[in-house]
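Raw coords-v2.txt, compact mmCIF, C-alpha atoms and all ligand atoms:
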```txt
# COMPACT_ATOMS: atom_id res chain seq x y z
CA MET V 257 4.30 20.13 -39.10
CA ALA V 258 6.02 23.47 -39.46
CA ILE V 259 5.51 26.83 -37.82
CA LEU V 260 5.57 29.71 -40.29
CA ILE V 261 7.57 32.64 -38.94
CA THR V 262 6.79 35.86 -40.81
CA GLY V 263 9.45 38.53 -40.35
CA GLY V 264 11.77 35.85 -38.99
CA ALA V 265 14.91 37.67 -40.15
CA GLY V 266 14.12 40.72 -38.00
CA TYR V 267 15.25 41.65 -34.51
CA ILE V 268 12.67 39.70 -32.52
CA GLY V 269 12.12 37.09 -35.24
CA THR V 270 15.74 35.89 -35.23
CA HIS V 271 15.69 35.49 -31.46
CA ALA V 272 12.41 33.58 -31.66
CA MET V 273 13.80 31.35 -34.43
CA VAL V 274 16.68 30.40 -32.10
CA GLU V 275 14.31 29.48 -29.26
CA PHE V 276 12.02 27.44 -31.54
CA LEU V 277 14.90 25.58 -33.14
CA GLU V 278 16.48 24.86 -29.77
CA ALA V 279 13.13 23.50 -28.59
CA GLY V 280 13.22 21.09 -31.54
CA ARG V 281 10.44 22.76 -33.52
CA GLU V 282 10.36 22.94 -37.31
CA VAL V 283 10.23 26.53 -38.55
CA ILE V 284 9.94 28.18 -41.95
CA CYS V 285 10.90 31.82 -42.31
CA VAL V 286 9.21 34.24 -44.68
CA ASP V 287 10.67 37.74 -44.96
CA ASN V 288 10.98 40.35 -47.70
CA TYR V 289 14.15 41.77 -46.05
CA SER V 290 12.73 45.29 -46.14
CA ASN V 291 14.17 45.84 -42.66
CA SER V 292 16.55 42.92 -42.26
CA LYS V 293 19.23 40.93 -44.01
CA PRO V 294 19.42 37.27 -45.02
CA CYS V 295 22.73 36.85 -43.18
CA ALA V 296 20.84 37.21 -39.89
CA LEU V 297 19.34 33.80 -40.68
CA GLU V 298 22.81 32.35 -41.26
CA ARG V 299 23.68 33.54 -37.75
CA VAL V 300 20.59 31.75 -36.40
CA LYS V 301 21.85 28.55 -38.05
CA LYS V 302 25.29 29.11 -36.55
CA ILE V 303 23.93 29.57 -33.02
CA THR V 304 21.62 26.55 -33.15
CA GLY V 305 23.55 24.24 -35.48
CA LYS V 306 20.19 23.60 -37.16
CA ASN V 307 18.90 24.18 -40.64
CA PHE V 308 15.52 25.49 -41.76
CA LYS V 309 13.82 26.75 -44.90
CA SER V 310 13.57 30.44 -45.64
CA TYR V 311 11.76 32.29 -48.40
CA GLU V 312 12.25 35.81 -49.67
CA VAL V 313 8.57 36.59 -49.99
CA ASP V 314 6.55 39.75 -49.45
CA LEU V 315 3.31 39.14 -47.56
CA LEU V 316 1.70 41.54 -50.02
CA ASP V 317 2.33 38.98 -52.79
CA TYR V 318 -0.51 36.51 -52.21
CA ASP V 319 0.57 34.06 -54.92
CA ALA V 320 4.16 33.88 -53.73
CA LEU V 321 2.97 33.38 -50.17
CA GLU V 322 0.55 30.65 -51.26
CA GLN V 323 3.46 28.83 -52.90
CA VAL V 324 5.07 28.54 -49.44
CA PHE V 325 1.89 26.90 -48.13
CA LYS V 326 1.77 24.54 -51.13
CA GLU V 327 5.36 23.43 -50.67
CA ASN V 328 5.17 22.84 -46.92
CA LYS V 329 2.91 21.43 -44.25
CA ILE V 330 2.27 24.53 -42.19
CA ASP V 331 0.31 24.15 -39.00
CA SER V 332 0.59 27.54 -37.29
CA CYS V 333 2.17 30.96 -37.56
CA ILE V 334 4.08 33.52 -35.55
CA HIS V 335 3.37 36.82 -37.26
CA PHE V 336 6.21 39.32 -36.72
CA ALA V 337 6.31 40.86 -40.20
CA GLY V 338 5.39 44.51 -40.27
CA LEU V 339 6.76 48.00 -40.43
CA LYS V 340 7.36 49.44 -36.97
CA ALA V 341 8.75 53.00 -36.96
CA VAL V 342 6.26 55.33 -35.28
CA GLY V 343 7.64 58.54 -36.83
CA GLU V 344 7.77 57.09 -40.33
CA SER V 345 4.20 55.82 -39.94
CA CYS V 346 3.03 59.43 -39.42
CA GLN V 347 4.80 60.50 -42.63
CA LYS V 348 3.78 57.46 -44.69
CA PRO V 349 0.47 56.23 -43.26
CA LEU V 350 -0.62 54.51 -46.50
CA LEU V 351 2.58 52.51 -46.62
CA TYR V 352 2.02 51.35 -43.05
CA TYR V 353 -1.67 50.53 -43.45
CA HIS V 354 -1.03 48.73 -46.72
CA ASN V 355 1.97 46.73 -45.55
CA ASN V 356 0.76 45.78 -42.10
CA LEU V 357 -2.93 45.26 -42.86
CA THR V 358 -2.87 43.82 -46.39
CA GLY V 359 0.02 41.55 -45.40
CA THR V 360 -2.07 40.25 -42.51
CA PHE V 361 -5.16 39.78 -44.74
CA ASN V 362 -3.16 37.64 -47.17
CA LEU V 363 -1.57 35.67 -44.36
CA CYS V 364 -4.82 34.96 -42.53
CA SER V 365 -6.63 33.98 -45.74
CA LEU V 366 -3.94 31.40 -46.44
CA LEU V 367 -3.74 30.15 -42.86
CA SER V 368 -7.48 29.56 -43.09
CA LYS V 369 -7.37 28.01 -46.56
CA TYR V 370 -4.63 25.55 -45.55
CA GLY V 371 -6.18 24.68 -42.18
CA ALA V 372 -3.44 26.29 -40.11
CA LYS V 373 -5.70 28.35 -37.88
CA LYS V 374 -3.26 29.16 -35.11
CA ILE V 375 -1.58 32.53 -34.94
CA VAL V 376 0.56 34.41 -32.44
CA PHE V 377 0.55 38.11 -33.27
CA SER V 378 3.14 40.75 -32.34
CA SER V 379 1.12 43.56 -30.83
CA SER V 380 2.45 46.33 -28.67
CA ALA V 381 1.87 48.24 -25.45
CA THR V 382 1.23 51.17 -27.76
CA VAL V 383 -2.41 49.93 -28.00
CA TYR V 384 -2.92 51.23 -24.43
CA GLY V 385 -2.34 54.80 -25.63
CA LYS V 386 -1.75 57.07 -22.64
CA PRO V 387 -2.71 54.74 -19.79
CA ALA V 388 -4.66 56.28 -16.90
CA SER V 389 -2.49 54.39 -14.40
CA VAL V 390 0.29 51.83 -14.14
CA PRO V 391 0.87 48.88 -14.05
CA ILE V 392 -1.24 48.10 -17.09
CA THR V 393 -3.48 45.03 -17.24
CA GLU V 394 -4.88 43.55 -20.44
CA ASP V 395 -8.38 44.89 -19.77
CA PHE V 396 -7.27 48.56 -19.85
CA PRO V 397 -9.00 50.76 -22.46
CA LEU V 398 -7.37 50.74 -25.88
CA SER V 399 -6.46 53.75 -28.02
CA THR V 400 -3.64 54.82 -30.30
CA THR V 401 -1.81 58.00 -31.19
CA ASN V 402 -0.17 57.18 -34.54
CA PRO V 403 -0.74 55.06 -37.67
CA TYR V 404 1.70 52.37 -36.55
CA GLY V 405 -0.25 51.85 -33.33
CA GLU V 406 -3.48 51.98 -35.31
CA THR V 407 -2.32 49.06 -37.47
CA LYS V 408 -1.64 47.02 -34.32
CA LEU V 409 -5.07 47.76 -32.87
CA MET V 410 -6.81 47.13 -36.19
CA ILE V 411 -5.08 43.78 -36.59
CA GLU V 412 -6.07 42.83 -33.03
CA ARG V 413 -9.69 43.59 -33.95
CA ILE V 414 -9.50 41.77 -37.27
CA LEU V 415 -8.14 38.66 -35.54
CA LYS V 416 -10.95 38.85 -32.99
CA ASP V 417 -13.51 38.99 -35.82
CA ILE V 418 -11.89 36.05 -37.59
CA TYR V 419 -12.28 33.96 -34.46
CA ALA V 420 -15.87 35.16 -34.00
CA SER V 421 -16.65 33.86 -37.49
CA ASP V 422 -14.77 30.56 -37.12
CA SER V 423 -14.22 29.06 -33.68
CA GLU V 424 -11.51 26.68 -34.94
CA TRP V 425 -9.01 29.54 -34.70
CA SER V 426 -6.50 30.02 -31.88
CA VAL V 427 -5.34 33.61 -31.65
CA SER V 428 -2.71 34.72 -29.17
CA ILE V 429 -2.08 38.43 -29.06
CA LEU V 430 1.17 39.36 -27.35
CA ARG V 431 1.45 43.00 -26.36
CA TYR V 432 5.16 43.64 -26.09
CA PHE V 433 6.53 46.32 -23.83
CA ASN V 434 10.08 47.52 -24.72
CA PRO V 435 12.23 44.71 -26.12
CA ILE V 436 15.98 45.30 -25.75
CA GLY V 437 19.21 43.32 -25.46
CA ALA V 438 20.52 40.59 -27.69
CA HIS V 439 21.37 36.90 -27.75
CA LYS V 440 24.29 36.07 -25.45
CA SER V 441 26.33 34.72 -28.41
CA GLY V 442 26.70 38.30 -29.68
CA LEU V 443 25.77 37.00 -33.14
CA ILE V 444 22.24 38.42 -33.45
CA GLY V 445 20.78 41.68 -32.22
CA GLU V 446 18.98 44.85 -33.22
CA ASP V 447 20.28 46.48 -36.40
CA PRO V 448 18.50 49.80 -36.88
CA LYS V 449 18.92 51.68 -40.14
CA GLY V 450 20.58 55.08 -39.76
CA ILE V 451 20.11 57.04 -36.54
CA PRO V 452 18.36 54.84 -33.98
CA ASN V 453 14.92 56.03 -32.85
CA ASN V 454 14.82 53.84 -29.76
CA LEU V 455 16.69 54.37 -26.53
CA LEU V 456 18.79 51.23 -26.22
CA PRO V 457 20.30 51.11 -29.70
CA TYR V 458 21.19 54.78 -29.28
CA ILE V 459 22.82 54.20 -25.89
CA ALA V 460 24.74 51.23 -27.32
CA GLN V 461 26.15 53.45 -30.07
CA VAL V 462 27.16 56.15 -27.58
CA ALA V 463 28.73 53.62 -25.21
CA THR V 464 30.85 52.18 -28.03
CA GLY V 465 31.91 55.59 -29.37
CA LYS V 466 29.89 55.50 -32.59
CA ARG V 467 27.81 58.50 -31.48
CA GLU V 468 28.81 61.30 -29.17
CA CYS V 469 25.96 61.91 -26.85
CA LEU V 470 22.51 60.61 -25.99
CA SER V 471 19.73 63.18 -26.03
CA ILE V 472 17.33 62.48 -23.18
CA PHE V 473 13.90 63.60 -24.28
CA GLY V 474 12.56 65.57 -21.33
CA SER V 475 13.27 65.64 -17.59
CA ASP V 476 9.92 67.04 -16.44
CA TYR V 477 7.78 63.93 -16.67
CA ASN V 478 5.73 62.85 -13.69
CA THR V 479 8.19 60.08 -12.73
CA HIS V 480 10.69 59.48 -9.92
CA ASP V 481 13.49 61.44 -11.67
CA GLY V 482 11.55 63.31 -14.36
CA THR V 483 12.64 61.11 -17.29
CA GLY V 484 10.29 58.70 -19.06
CA VAL V 485 9.67 55.29 -17.50
CA ARG V 486 9.27 52.09 -19.55
CA ASP V 487 9.17 48.34 -19.03
CA TYR V 488 12.29 46.98 -20.77
CA ILE V 489 12.27 43.28 -21.53
CA HIS V 490 15.13 41.10 -22.71
CA VAL V 491 14.47 40.00 -26.29
CA VAL V 492 15.33 36.39 -25.38
CA ASP V 493 12.66 36.39 -22.68
CA LEU V 494 10.25 37.86 -25.21
CA ALA V 495 11.20 35.18 -27.74
CA LYS V 496 10.46 32.48 -25.17
CA ALA V 497 6.96 33.88 -24.62
CA HIS V 498 6.16 32.97 -28.25
CA LEU V 499 7.03 29.35 -27.63
CA LYS V 500 4.67 29.27 -24.64
CA ALA V 501 1.98 31.03 -26.67
CA ILE V 502 2.16 28.58 -29.58
CA GLU V 503 2.13 25.62 -27.18
CA ARG V 504 -1.10 26.96 -25.73
CA ALA V 505 -2.58 27.73 -29.16
CA GLU V 506 -1.96 24.10 -30.03
CA LYS V 507 -4.19 23.07 -27.13
CA VAL V 508 -7.03 25.61 -26.99
CA THR V 509 -9.02 27.71 -29.42
CA GLY V 510 -10.09 31.30 -28.73
CA VAL V 511 -8.59 34.77 -28.62
CA GLU V 512 -6.29 35.70 -25.75
CA TYR V 513 -4.30 38.84 -24.96
CA PHE V 514 -1.09 38.90 -22.94
CA ASN V 515 1.17 41.66 -21.69
CA ILE V 516 4.76 40.64 -22.24
CA GLY V 517 6.89 42.73 -19.92
CA THR V 518 8.78 42.40 -16.65
CA GLY V 519 6.41 44.48 -14.55
CA VAL V 520 9.26 46.82 -13.57
CA GLY V 521 9.57 50.38 -14.82
CA TYR V 522 12.95 52.04 -15.38
CA SER V 523 13.54 55.68 -16.23
CA VAL V 524 15.90 56.83 -18.97
CA LEU V 525 18.40 57.90 -16.30
CA ASP V 526 18.08 54.51 -14.56
CA ILE V 527 18.95 52.85 -17.86
CA VAL V 528 21.95 55.09 -18.46
CA LYS V 529 23.29 54.22 -15.00
CA ALA V 530 22.56 50.50 -15.41
CA TYR V 531 24.31 50.49 -18.79
CA GLU V 532 27.39 52.15 -17.35
CA SER V 533 27.58 49.82 -14.37
CA ALA V 534 26.93 46.65 -16.42
CA THR V 535 29.49 47.47 -19.11
CA GLY V 536 32.02 49.88 -17.58
CA ALA V 537 31.46 52.16 -20.60
CA LYS V 538 30.57 55.86 -20.37
CA VAL V 539 27.23 57.07 -21.71
CA ASN V 540 27.39 60.82 -22.30
CA TYR V 541 24.03 62.48 -22.28
CA LYS V 542 22.27 65.83 -22.37
CA ILE V 543 18.71 66.73 -21.53
CA VAL V 544 16.69 68.14 -24.42
CA ASP V 545 12.99 68.87 -25.05
CA ARG V 546 10.36 66.19 -24.83
CA ARG V 547 9.72 64.09 -27.93
CA PRO V 548 6.16 64.75 -29.11
CA GLY V 549 3.75 61.94 -28.31
CA ASP V 550 5.84 60.36 -25.51
CA ILE V 551 4.07 59.37 -22.31
CA ASP V 552 5.31 59.56 -18.72
CA GLU V 553 5.13 55.97 -17.64
CA CYS V 554 4.33 52.63 -19.18
CA TYR V 555 4.85 49.30 -17.51
CA ALA V 556 3.03 46.01 -17.46
CA ASN V 557 1.28 43.85 -15.01
CA PRO V 558 2.49 40.58 -16.61
CA GLU V 559 0.65 38.22 -14.21
CA LYS V 560 -1.75 36.89 -16.81
CA ALA V 561 1.12 35.61 -18.97
CA TYR V 562 2.45 33.79 -15.91
CA ASN V 563 -0.89 32.39 -14.80
CA VAL V 564 -2.07 31.26 -18.24
CA LEU V 565 1.10 30.65 -20.26
CA GLY V 566 3.48 29.84 -17.42
CA TRP V 567 5.82 32.52 -18.77
CA LYS V 568 7.71 35.17 -16.91
CA ALA V 569 10.79 37.27 -17.64
CA GLU V 570 14.01 35.79 -16.27
CA TYR V 571 16.61 38.40 -17.23
CA GLY V 572 17.26 41.63 -15.36
CA ILE V 573 18.29 45.05 -16.58
CA GLU V 574 22.03 44.37 -16.15
CA ASP V 575 21.76 41.31 -18.43
CA MET V 576 19.90 43.37 -21.01
CA CYS V 577 22.55 46.12 -20.99
CA ARG V 578 25.49 43.71 -21.05
CA ASP V 579 24.04 41.72 -23.96
CA SER V 580 23.22 44.89 -25.89
CA TYR V 581 26.81 46.07 -25.43
CA ARG V 582 28.29 42.75 -26.53
CA TRP V 583 26.23 42.78 -29.73
CA GLN V 584 27.15 46.41 -30.46
CA THR V 585 30.85 45.87 -29.72
CA ASN V 586 31.07 42.75 -31.88
CA ASN V 587 28.98 44.24 -34.69
CA PRO V 588 29.56 48.01 -34.78
CA ASP V 589 27.83 48.18 -38.18
CA GLY V 590 25.15 45.62 -37.37
CA TYR V 591 24.95 42.95 -40.05
CA GLY V 592 26.89 45.22 -42.41
CA GLU V 593 26.29 44.46 -46.07
CA GLY V 594 24.46 41.27 -45.04
P1 LIG V 601 12.00 44.17 -37.48
O1 LIG V 601 11.76 45.26 -38.44
O2 LIG V 601 13.39 43.88 -37.05
O3 LIG V 601 11.37 42.80 -38.06
C1 LIG V 601 10.22 42.79 -38.86
C2 LIG V 601 10.55 41.94 -40.08
O4 LIG V 601 9.41 41.92 -40.95
C3 LIG V 601 11.71 42.50 -40.91
O5 LIG V 601 12.66 41.47 -41.11
C4 LIG V 601 11.08 42.95 -42.21
O6 LIG V 601 11.96 42.81 -43.30
C5 LIG V 601 9.87 42.04 -42.29
N1 LIG V 601 8.74 42.55 -43.07
C6 LIG V 601 8.13 43.75 -42.97
N2 LIG V 601 7.14 43.84 -43.87
C7 LIG V 601 7.10 42.65 -44.53
C8 LIG V 601 6.29 42.15 -45.58
N3 LIG V 601 5.33 42.88 -46.15
N4 LIG V 601 6.53 40.89 -46.03
C9 LIG V 601 7.52 40.15 -45.49
N5 LIG V 601 8.32 40.58 -44.50
C10 LIG V 601 8.10 41.83 -44.03
O7 LIG V 601 11.06 44.44 -36.21
P2 LIG V 601 11.04 43.72 -34.79
O8 LIG V 601 11.55 44.68 -33.79
O9 LIG V 601 11.65 42.37 -34.89
O10 LIG V 601 9.47 43.61 -34.58
C11 LIG V 601 8.75 42.44 -34.92
C12 LIG V 601 7.27 42.72 -34.69
O11 LIG V 601 7.07 43.10 -33.33
C13 LIG V 601 6.72 43.85 -35.55
O12 LIG V 601 5.40 43.52 -35.94
C14 LIG V 601 6.69 45.02 -34.58
O13 LIG V 601 5.70 45.96 -34.92
C15 LIG V 601 6.37 44.32 -33.27
N6 LIG V 601 6.80 45.08 -32.09
C16 LIG V 601 8.11 45.46 -32.00
C17 LIG V 601 8.54 46.20 -30.89
C18 LIG V 601 9.96 46.66 -30.79
O14 LIG V 601 10.22 47.56 -29.99
N7 LIG V 601 10.91 46.10 -31.51
C19 LIG V 601 7.61 46.53 -29.88
C20 LIG V 601 6.29 46.11 -30.01
C21 LIG V 601 5.89 45.37 -31.13
N1 LIG V 602 14.38 58.29 -25.30
C1 LIG V 602 15.34 59.26 -25.11
N2 LIG V 602 16.29 59.46 -26.07
C2 LIG V 602 16.34 58.73 -27.22
C3 LIG V 602 15.35 57.72 -27.41
C4 LIG V 602 14.39 57.54 -26.44
O1 LIG V 602 15.33 59.95 -24.09
O2 LIG V 602 17.21 58.96 -28.07
C5 LIG V 602 13.38 58.03 -24.25
C6 LIG V 602 11.93 58.21 -24.68
O3 LIG V 602 11.53 59.54 -24.50
C7 LIG V 602 11.19 57.22 -23.76
C8 LIG V 602 12.21 56.10 -23.55
O4 LIG V 602 13.50 56.68 -23.87
O5 LIG V 602 10.94 57.82 -22.50
C9 LIG V 602 11.97 54.89 -24.45
O6 LIG V 602 11.89 55.34 -25.80
P1 LIG V 602 11.84 54.31 -27.01
O7 LIG V 602 11.73 55.11 -28.27
O8 LIG V 602 12.97 53.35 -26.91
O9 LIG V 602 10.52 53.46 -26.74
P2 LIG V 602 8.98 53.94 -26.67
O10 LIG V 602 8.92 55.41 -26.69
O11 LIG V 602 8.37 53.34 -27.87
O12 LIG V 602 8.46 53.36 -25.41
```

Now that the file is in, can you turn its structure into structure tokens?
Amino acid sequence: MAILITGGAGYIGTHAMVEFLEAGREVICVDNYSNSKPCALERVKKITGKNFKSYEVDLLDYDALEQVFKENKIDSCIHFAGLKAVGESCQKPLLYYHNNLTGTFNLCSLLSKYGAKKIVFSSSATVYGKPASVPITEDFPLSTTNPYGETKLMIERILKDIYASDSEWSVSILRYFNPIGAHKSGLIGEDPKGIPNNLLPYIAQVATGKRECLSIFGSDYNTHDGTGVRDYIHVVDLAKAHLKAIERAEKVTGVEYFNIGTGVGYSVLDIVKAYESATGAKVNYKIVDRRPGDIDECYANPEKAYNVLGWKAEYGIEDMCRDSYRWQTNNPDGYGEG
């Protein structure tokens, strides 16, 4: 029985594909390559020495997606596919709602129709909005500040309603904190289009000379050094959490929510220093105004994931920086033409 991996060619999806294949699981990738390239899947095959089926299918195309279910025995799904840029979601809300929600409707209808009622969903710490305190536990109040976050929260609620209507479902909602780093092979990693929005890809491009200087967005936050604090998690650790989540979904029904973070908060300046010490490269930076919508501090209490799934992060910040640098150095233009 195969596990359907939607968005499997993306940043987190490729790393998850590696972990699933190395654990001996059968996976089938579905991706429309709107934010990824097919060659990323070739790299997954190279790392693992294993083959798998992949389909260029848009989740918005119900018939094409159903064909994948007809041709394969699918038992469960890891649902990564979605658009994820916060700024773009504010400019193009309809695109985000349509892609992320309609794609999920089609997927869930087919998972139900073909009796594959087990799903692990990629949610985000963004559903905690501006948390009243840190560390954050799963029972904190939920709110969002942009259409991207709204799609995550809406999908969480939709999945909860699906389970309420049909108790055969197993729903595992993973709320990721800040995934960074890359596989140690240096063959797969994050490949942002154009100017990176996120901190680590930007730092990687400064450290390798592709960009001149990091702009640090604000130094007057209520944190130990005034710069924003986040919970950075190695993407390989994050990938492994999906394996634990699907193993549990195979055993129990219900809806469960898990924070997937390290439980440690690092400021932007901490990260700059860690990157320099882990790689020996220089990260030039300047302080500029705050980025609208950013919060002071966000880090997880990840105990529930440990207690229930038996998962915890293994990699530290130096590993994350070193692996990010290796990926960036080996692939200065990401996957290139793909
Ligand atoms: P990514 O963009 O690298 O991967 C998403 C993949 O989904 C891409 O390969 C894209 O082509 C595909 N896709 C998008 N819409 C599709 C559609 N309609 N049909 C088929 N394929 C489609 O992003 P990622 O960083 O790997 O994130 C994976 C998931 O995790 C996303 O749902 C994202 O919102 C969520 N998430 C990411 C982060 C992060 O910081 N990277 C944090 C929290 C949550
Ligand atoms: N950040 C920054 N410069 C950048 C990108 C990000 O100073 O070019 C800061 C940002 O203000 C936040 C932290 O780095 O405090 C993490 O930002 P990112 O966009 O990576 O993640 P998110 O805001 O989604 O947590």

Pairwise distance, atom C17 of ligand LIG 601 (chain V) with CA of Gly338 in chain V, equals 10.0 Å

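In this structure, CA of Pro588 in chain V sits 27.0 Å away from CA of Ser345 in chain V.
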
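For the residues V:Gly519, V:Pro457, V:Gly592, V:Gly549, ranking by smallest atom-to-atom distance to Lys568 in chain V using only C-alpha atoms places V:Gly519 first.
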
Closest contacts (chain V/ligand LIG 601 (chain V), max 9 Å, only C-alpha atoms and all ligand atoms) as a tab-separated table:
```
residue	atom	partner	partner_atom	distance
V:Thr262	CA	V:LIG601	N5	6.2
V:Gly263	CA	V:LIG601	O4	3.4
V:Gly264	CA	V:LIG601	O5	6.1
V:Ala265	CA	V:LIG601	O5	4.5
V:Gly266	CA	V:LIG601	O2	3.4
V:Tyr267	CA	V:LIG601	O9	3.7
V:Ile268	CA	V:LIG601	O9	3.7
V:Gly269	CA	V:LIG601	O9	5.3
V:Thr270	CA	V:LIG601	O9	7.7
V:His271	CA	V:LIG601	O9	8.7
V:Val286	CA	V:LIG601	C9	6.2
V:Asp287	CA	V:LIG601	N5	3.7
V:Asn288	CA	V:LIG601	C9	4.1
V:Tyr289	CA	V:LIG601	O6	3.7
V:Ser290	CA	V:LIG601	O6	3.8
V:Asn291	CA	V:LIG601	O6	3.8
V:Ser292	CA	V:LIG601	O5	4.3
V:Lys293	CA	V:LIG601	O5	7.2
V:Pro294	CA	V:LIG601	O5	8.9
V:Glu312	CA	V:LIG601	C9	7.7
V:Val313	CA	V:LIG601	C9	5.8
V:Asp314	CA	V:LIG601	N4	3.6
V:Leu315	CA	V:LIG601	N4	4.0
V:Leu316	CA	V:LIG601	N3	5.5
V:Asp317	CA	V:LIG601	N4	8.2
V:His335	CA	V:LIG601	O12	7.1
V:Phe336	CA	V:LIG601	C12	4.1
V:Ala337	CA	V:LIG601	O4	3.4
V:Gly338	CA	V:LIG601	C6	3.9
V:Leu339	CA	V:LIG601	C6	5.1
V:Lys340	CA	V:LIG601	O13	4.4
V:Ala341	CA	V:LIG601	O13	7.9
V:His354	CA	V:LIG601	N3	8.7
V:Asn355	CA	V:LIG601	N3	5.1
V:Asn356	CA	V:LIG601	N3	6.8
V:Thr358	CA	V:LIG601	N3	8.3
V:Gly359	CA	V:LIG601	N3	5.5
V:Thr360	CA	V:LIG601	N3	8.7
V:Phe377	CA	V:LIG601	O12	7.7
V:Ser378	CA	V:LIG601	O11	4.7
V:Ser379	CA	V:LIG601	C21	5.1
V:Ser380	CA	V:LIG601	C20	4.1
V:Ala381	CA	V:LIG601	C20	6.7
V:Thr382	CA	V:LIG601	C20	7.5
V:Tyr404	CA	V:LIG601	O13	7.7
V:Gly405	CA	V:LIG601	O13	8.5
V:Thr407	CA	V:LIG601	O13	9.0
V:Lys408	CA	V:LIG601	O13	7.4
V:Leu430	CA	V:LIG601	C21	8.5
V:Arg431	CA	V:LIG601	C20	6.8
V:Tyr432	CA	V:LIG601	C20	4.8
V:Phe433	CA	V:LIG601	C19	6.1
V:Asn434	CA	V:LIG601	O14	5.3
V:Pro435	CA	V:LIG601	O14	5.2
V:Ile436	CA	V:LIG601	O14	7.5
V:Glu446	CA	V:LIG601	O2	6.8
V:Asp447	CA	V:LIG601	O2	7.4
V:Pro448	CA	V:LIG601	O2	7.8
V:Asn454	CA	V:LIG601	O14	7.8
V:Val491	CA	V:LIG601	N7	8.8
```

- Query: Counting only C-alpha atoms and all ligand atoms, which protein, DNA or RNA residues come within 6 Å of ligand LIG 602 (chain V), given as a VMD selection string?
  - Reply: chain V and resid 453 to 455 458 470 to 473 484 to 485 524 547 550

Show me, as lines of an AutoDock Vina configuration file, the centre and edge lengths in Å to one decimal of the axis-aligned box that covers every listed atom of range 305-308 of chain V with 6 Å on each side.
```
center_x = 19.5
center_y = 24.5
center_z = -38.6
size_x = 20.0
size_y = 13.9
size_z = 18.3
```

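In this comparison, which uses all atoms listed in the file, the residue of V:Asp395, V:Glu593, V:Asp476, V:Asp579 approaching Leu456 in chain V most closely is V:Asp579.
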
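Closest to Arg504 in chain V among V:Phe308, V:Trp567, V:Tyr318, V:Tyr581 is V:Trp567, based on all atoms listed in the file.
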
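At a cut-off of 12 Å from (8.0, 62.0, -15.4), the residue set is Phe473, Gly474, Ser475, Asp476, Tyr477, Asn478, Thr479, His480, Asp481, Gly482, Thr483, Gly484, Val485, Arg486, Gly521, Tyr522, Ser523, Val524, Leu525, Arg546, Asp550, Ile551, Asp552, Glu553 and Cys554 of chain V (counting all atoms listed in the file).
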
Output for the residues just chosen: C-alpha atoms as a PDB file, keeping the file's coordinate frame:
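Output file result_7.pdb is given in full below:
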```
ATOM      1  CA  PHE V 473      13.900  63.600 -24.280  1.00  0.00           C
ATOM      2  CA  GLY V 474      12.560  65.570 -21.330  1.00  0.00           C
ATOM      3  CA  SER V 475      13.270  65.640 -17.590  1.00  0.00           C
ATOM      4  CA  ASP V 476       9.920  67.040 -16.440  1.00  0.00           C
ATOM      5  CA  TYR V 477       7.780  63.930 -16.670  1.00  0.00           C
ATOM      6  CA  ASN V 478       5.730  62.850 -13.690  1.00  0.00           C
ATOM      7  CA  THR V 479       8.190  60.080 -12.730  1.00  0.00           C
ATOM      8  CA  HIS V 480      10.690  59.480  -9.920  1.00  0.00           C
ATOM      9  CA  ASP V 481      13.490  61.440 -11.670  1.00  0.00           C
ATOM     10  CA  GLY V 482      11.550  63.310 -14.360  1.00  0.00           C
ATOM     11  CA  THR V 483      12.640  61.110 -17.290  1.00  0.00           C
ATOM     12  CA  GLY V 484      10.290  58.700 -19.060  1.00  0.00           C
ATOM     13  CA  VAL V 485       9.670  55.290 -17.500  1.00  0.00           C
ATOM     14  CA  ARG V 486       9.270  52.090 -19.550  1.00  0.00           C
ATOM     15  CA  GLY V 521       9.570  50.380 -14.820  1.00  0.00           C
ATOM     16  CA  TYR V 522      12.950  52.040 -15.380  1.00  0.00           C
ATOM     17  CA  SER V 523      13.540  55.680 -16.230  1.00  0.00           C
ATOM     18  CA  VAL V 524      15.900  56.830 -18.970  1.00  0.00           C
ATOM     19  CA  LEU V 525      18.400  57.900 -16.300  1.00  0.00           C
ATOM     20  CA  ARG V 546      10.360  66.190 -24.830  1.00  0.00           C
ATOM     21  CA  ASP V 550       5.840  60.360 -25.510  1.00  0.00           C
ATOM     22  CA  ILE V 551       4.070  59.370 -22.310  1.00  0.00           C
ATOM     23  CA  ASP V 552       5.310  59.560 -18.720  1.00  0.00           C
ATOM     24  CA  GLU V 553       5.130  55.970 -17.640  1.00  0.00           C
ATOM     25  CA  CYS V 554       4.330  52.630 -19.180  1.00  0.00           C
TER      26      CYS V 554
END
```

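Counting only C-alpha atoms and comparing V:Thr464, V:Ser426, V:Ser533, V:Ser365, the residue that lies closest to Glu574 in chain V is V:Ser533.
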
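Distance check against Asp493 in chain V using all atoms listed in the file: of V:Val300, V:Ala272, V:Leu351, V:Ile451, the minimum falls on V:Ala272.
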
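Using only C-alpha atoms, the smallest distance between any of V:Val376, V:Ala501, V:Leu415, V:Cys295 and Tyr562 in chain V comes from V:Ala501.
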
message = as a VMD selection string, please: the residues near Val283 in chain V (cut-off 6 Å, only C-alpha atoms, same-chain neighbours under 3 positions excluded).
response = chain V and resid 258 to 260

What does the file look like for those residues with C-alpha atoms, as a short mmCIF file (atom, residue, chain, number, x, y, z; two decimals), in the coordinates of the input?
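Written output follows (part_35.cif):
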```cif
data_model
loop_
_atom_site.label_atom_id
_atom_site.label_comp_id
_atom_site.auth_asym_id
_atom_site.auth_seq_id
_atom_site.Cartn_x
_atom_site.Cartn_y
_atom_site.Cartn_z
CA ALA V 258 6.02 23.47 -39.46
CA ILE V 259 5.51 26.83 -37.82
CA LEU V 260 5.57 29.71 -40.29
#
```
